[in-house]
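Engineer: Provided below: data.cif, containing mmCIF, C-alpha atoms.
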data_run
loop_
_atom_site.group_PDB
_atom_site.id
_atom_site.type_symbol
_atom_site.label_atom_id
_atom_site.label_comp_id
_atom_site.auth_asym_id
_atom_site.auth_seq_id
_atom_site.Cartn_x
_atom_site.Cartn_y
_atom_site.Cartn_z
ATOM 1 C CA MET A 102 -1.587 -11.294 -12.406
ATOM 2 C CA ALA A 103 -4.146 -12.110 -9.721
ATOM 3 C CA ALA A 104 -7.706 -11.551 -10.900
ATOM 4 C CA ILE A 105 -7.545 -7.936 -11.983
ATOM 5 C CA ASN A 106 -9.189 -6.857 -15.223
ATOM 6 C CA SER A 107 -6.574 -5.345 -17.585
ATOM 7 C CA SER A 108 -8.649 -2.253 -18.454
ATOM 8 C CA LYS A 109 -9.175 -1.661 -14.735
ATOM 9 C CA VAL A 110 -5.415 -1.954 -14.194
ATOM 10 C CA GLN A 111 -4.635 0.548 -16.933
ATOM 11 C CA ASN A 112 -7.224 3.025 -15.651
ATOM 12 C CA ILE A 113 -5.794 2.847 -12.144
ATOM 13 C CA LEU A 114 -2.168 3.036 -13.292
ATOM 14 C CA ASN A 115 -3.079 6.202 -15.207
ATOM 15 C CA MET A 116 -4.387 7.869 -12.037
ATOM 16 C CA ARG A 117 -2.367 10.564 -10.292
ATOM 17 C CA PRO A 118 -0.719 9.359 -7.048
ATOM 18 C CA GLU A 119 -3.339 11.243 -4.975
ATOM 19 C CA GLU A 120 -6.155 9.430 -6.795
ATOM 20 C CA ARG A 121 -4.438 6.066 -6.250
ATOM 21 C CA TYR A 122 -4.165 6.960 -2.562
ATOM 22 C CA HIS A 123 -7.931 7.453 -2.269
ATOM 23 C CA TYR A 124 -8.481 4.210 -4.217
ATOM 24 C CA PHE A 125 -6.125 2.429 -1.775
ATOM 25 C CA ILE A 126 -8.015 3.705 1.287
ATOM 26 C CA ARG A 127 -11.400 2.655 -0.154
ATOM 27 C CA LYS A 128 -10.256 -0.775 -1.323
ATOM 28 C CA ILE A 129 -8.464 -1.825 1.835
ATOM 29 C CA GLY A 130 -11.620 -0.875 3.730
ATOM 30 C CA ASP A 131 -13.660 -3.061 1.370
ATOM 31 C CA PHE A 132 -11.291 -6.042 1.232
ATOM 32 C CA GLU A 133 -9.964 -5.731 4.809
ATOM 33 C CA GLU A 134 -6.416 -6.497 3.693
ATOM 34 C CA VAL A 135 -3.284 -4.728 2.545
ATOM 35 C CA TRP A 136 -0.514 -6.148 0.343
ATOM 36 C CA GLY A 137 3.245 -5.810 0.713
ATOM 37 C CA LEU A 138 6.213 -7.510 -0.936
ATOM 38 C CA TYR A 139 8.159 -10.101 1.047
ATOM 39 C CA ASP A 140 11.423 -12.030 0.635
ATOM 40 C CA ASN A 141 13.128 -12.846 3.952
ATOM 41 C CA GLY A 142 11.926 -9.417 5.042
ATOM 42 C CA TRP A 143 9.571 -6.776 3.712
ATOM 43 C CA ALA A 144 10.448 -4.641 0.693
ATOM 44 C CA THR A 145 11.545 -1.132 1.569
ATOM 45 C CA SER A 146 12.784 1.935 -0.187
ATOM 46 C CA LYS A 147 13.974 5.368 0.916
ATOM 47 C CA ASP A 148 12.588 8.822 0.326
ATOM 48 C CA ASN A 149 14.686 11.801 -0.802
ATOM 49 C CA LEU A 150 15.701 12.486 2.812
ATOM 50 C CA GLY A 151 16.859 8.908 3.457
ATOM 51 C CA ASN A 152 13.819 7.893 5.540
ATOM 52 C CA ILE A 153 12.764 4.251 5.292
ATOM 53 C CA VAL A 154 9.529 3.745 3.358
ATOM 54 C CA LEU A 155 7.492 0.524 3.378
ATOM 55 C CA PRO A 156 5.327 0.207 0.241
ATOM 56 C CA PHE A 157 1.786 -1.189 0.324
ATOM 57 C CA TRP A 158 -0.898 -1.917 -2.264
ATOM 58 C CA PRO A 159 -4.670 -2.499 -2.099
ATOM 59 C CA GLU A 160 -4.655 -5.675 -4.200
ATOM 60 C CA GLN A 161 -2.261 -8.526 -4.906
ATOM 61 C CA GLY A 162 -2.123 -7.843 -8.639
ATOM 62 C CA PHE A 163 -0.862 -4.304 -8.173
ATOM 63 C CA ALA A 164 1.868 -5.515 -5.807
ATOM 64 C CA GLU A 165 2.856 -8.129 -8.417
ATOM 65 C CA LEU A 166 3.396 -5.390 -10.995
ATOM 66 C CA CYS A 167 6.219 -4.019 -8.814
ATOM 67 C CA VAL A 168 8.118 -7.304 -8.523
ATOM 68 C CA ALA A 169 11.111 -6.082 -10.534
ATOM 69 C CA GLY A 170 14.499 -4.457 -10.105
ATOM 70 C CA THR A 171 15.635 -4.580 -6.489
ATOM 71 C CA TRP A 172 12.357 -6.321 -5.593
ATOM 72 C CA LYS A 173 12.549 -8.986 -8.336
ATOM 73 C CA SER A 174 12.805 -11.878 -5.834
ATOM 74 C CA TYR A 175 9.909 -10.664 -3.683
ATOM 75 C CA ILE A 176 6.393 -12.073 -3.622
ATOM 76 C CA PRO A 177 3.150 -10.322 -2.684
ATOM 77 C CA LYS A 178 1.985 -11.131 0.819
ATOM 78 C CA SER A 179 -1.256 -10.033 2.446
ATOM 79 C CA ILE A 180 -1.668 -8.415 5.841
ATOM 80 C CA SER A 181 -5.073 -8.284 7.489
ATOM 81 C CA LEU A 182 -6.413 -4.773 7.904
ATOM 82 C CA SER A 183 -6.725 -5.292 11.655
ATOM 83 C CA ASP A 184 -3.030 -6.263 11.948
ATOM 84 C CA PHE A 185 -2.057 -3.386 9.657
ATOM 85 C CA MET A 186 -3.971 -0.908 11.823
ATOM 86 C CA ASP A 187 -3.135 -2.329 15.258
ATOM 87 C CA LYS A 188 0.439 -3.550 14.789
ATOM 88 C CA TRP A 189 2.037 -2.243 11.611
ATOM 89 C CA LEU A 190 0.986 1.392 11.630
ATOM 90 C CA HIS A 191 1.564 1.707 15.368
ATOM 91 C CA GLY A 192 5.069 0.236 15.061
ATOM 92 C CA MET A 193 5.931 2.257 11.963
ATOM 93 C CA ASP A 194 4.787 5.458 13.655
ATOM 94 C CA LYS A 195 6.906 4.628 16.696
ATOM 95 C CA ASP A 196 9.959 3.833 14.504
ATOM 96 C CA GLY A 197 9.507 6.816 12.182
ATOM 97 C CA THR A 198 9.084 4.514 9.178
ATOM 98 C CA LEU A 199 6.964 6.047 6.423
ATOM 99 C CA VAL A 200 4.210 4.407 4.394
ATOM 100 C CA GLY A 201 4.541 4.290 0.610
ATOM 101 C CA VAL A 202 1.019 3.989 -0.729
ATOM 102 C CA PHE A 203 0.478 2.308 -4.072
ATOM 103 C CA PRO A 204 3.712 2.827 -6.003
ATOM 104 C CA ILE A 205 3.508 1.687 -9.622
ATOM 105 C CA PRO A 206 6.238 0.243 -11.865
ATOM 106 C CA ASP A 207 7.125 3.562 -13.492
ATOM 107 C CA GLY A 208 6.143 5.950 -10.745
ATOM 108 C CA LYS A 209 6.095 6.589 -7.058
ATOM 109 C CA GLY A 210 3.156 6.465 -4.745
ATOM 110 C CA ILE A 211 2.253 8.878 -1.990
ATOM 111 C CA VAL A 212 4.577 8.779 1.034
ATOM 112 C CA LEU A 213 2.867 9.637 4.317
ATOM 113 C CA SER A 214 3.253 9.098 8.034
ATOM 114 C CA ALA A 215 1.696 6.001 9.565
ATOM 115 C CA SER A 216 -0.506 8.183 11.778
ATOM 116 C CA LYS A 217 -1.968 10.002 8.723
ATOM 117 C CA ILE A 218 -2.738 6.687 7.003
ATOM 118 C CA ARG A 219 -4.323 5.321 10.175
ATOM 119 C CA SER A 220 -6.527 8.412 10.519
ATOM 120 C CA ASP A 221 -7.674 8.210 6.891
ATOM 121 C CA ILE A 222 -8.442 4.478 7.202
ATOM 122 C CA GLU A 223 -10.406 5.084 10.407
ATOM 123 C CA ASN A 224 -12.403 7.833 8.671
ATOM 124 C CA GLU A 225 -13.156 5.462 5.788
ATOM 125 C CA LEU A 226 -14.191 2.628 8.127
ATOM 126 C CA ASP A 227 -16.510 4.990 10.025
ATOM 127 C CA GLN A 228 -18.579 5.193 6.833
ATOM 128 C CA TYR A 229 -19.365 1.442 6.931
#
In structure tokens, how does this file's structure come out?

Structural biologist:
Amino acid sequence: MAAINSSKVQNILNMRPEERYHYFIRKIGDFEEVWGLYDNGWATSKDNLGNIVLPFWPEQGFAELCVAGTWKSYIPKSISLSDFMDKWLHGMDKDGTLVGVFPIPDGKGIVLSASKIRSDIENELDQY
């Protein structure tokens, strides 16, 4: 796993999804990148209503933990925060694709609209 302390990992994996969401927003503001899983296309899942959800993580190591099951052939790939904000979230909002924030191997993350994520990231960046 990429440079993440194991006690840190366990502490974060034990967080409730809402806490991981706030961690995600802070960390992507700090690191100015977001991580997804890629293999001839980006990893996706569906919510209970059948909407497409694209999962994202704040650090490579957390994305690596989810390389299993239907995503076993995927590799973590970074996206600059500026591209995520300007291209990804705009396109996902337009397409109605939802954002899956920080799923973990044995649990789901928070699923939100791209516009909500964008607003929360902008609020975080305003603090810098």

Engineer: Smallest atom-to-atom distance to A:Phe157: which of A:Ser216, A:Gly170, A:Tyr124, A:Gly210, using all atoms listed in the file?

Structural biologist: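 Checking each candidate against A:Phe157, we get A:Gly210 as the closest.
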
Engineer: Pick out the closest residue to A:Lys147 from this set: A:Lys209, A:Lys178, A:His191, A:Arg117. Count all atoms listed in the file.

Structural biologist: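 Of the candidates, the smallest distance to A:Lys147 is held by A:Lys209.
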
Engineer: When distances are computed from only C-alpha atoms, which of A:Tyr175, A:Trp158, A:Phe163, A:Tyr122 shows the smallest separation from A:Asp140?

Structural biologist: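 Answer, going by the shortest atom-to-atom distance: A:Tyr175.
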
Engineer: Set up a box along x, y and z of the file covering all listed atoms of stretch 202-214 of chain A, add 4 Å on every one of the six sides, and write the centre and edge lengths in Å to one decimal, as lines of an AutoDock Vina configuration file.

Structural biologist:
center_x = 3.8
center_y = 4.9
center_z = -2.7
size_x = 14.6
size_y = 17.4
size_z = 29.5

Engineer: Could you tell me which residues the PyMOL selection byres ((chain A and resi 130) around 9) grabs in this file, written as a list in words?

Structural biologist: Phe125, Ile126, Arg127, Lys128, Ile129, Asp131, Phe132, Glu133, Glu134, Leu182, Ile222, Glu225, Leu226 and Tyr229 of chain A

Engineer: Between A:Leu138, A:Met186, A:Met116, A:Leu166, which one has atoms that come closest to A:Pro206, using all atoms listed in the file?

Structural biologist: A:Leu166

Engineer: In terms of the shortest atom-to-atom distance over all atoms listed in the file, which of A:Phe203, A:Ile176, A:Arg219, A:Thr171 is closest to A:Lys188?

Structural biologist: A:Arg219

Engineer: If you measure from atom CA of A:Gly208 to atom CA of A:Asp184, what distance in Å do you get, rounded to one decimal?

Structural biologist: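 So the answer is 27.4 Å.
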
Engineer: Could you check how far atom CA of A:Trp136 sits from atom CA of A:Gln161, in Å to one decimal?

Structural biologist: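 Separation between atom CA of A:Trp136 and atom CA of A:Gln161: 6.0 Å.
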
Engineer: Atom CA of A:Glu165 to atom CA of A:Trp189: how many Å, to one decimal?

Structural biologist: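 Atom-to-atom, atom CA of A:Glu165 and atom CA of A:Trp189 are spaced 20.9 Å apart.
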
Engineer: Choose the residue, out of A:Gly151, A:Gly201, A:Gly142, A:Gly137, that has the smallest atom-to-atom separation from A:Ala164; count all atoms listed in the file.

Structural biologist: A:Gly137

Engineer: When the PyMOL selection byres ((chain A and resi 197) around 12) is applied to the structure above, which residues does it catch, written out as a count of residues only?

Structural biologist: 20

Engineer: Got a sec: who's within 12 Å of A:Asn115, counting only C-alpha atoms, leaving out chain neighbours fewer than 5 positions off, as a PyMOL selection string?

Structural biologist: chain A and resi 108-110+120-121+204-208
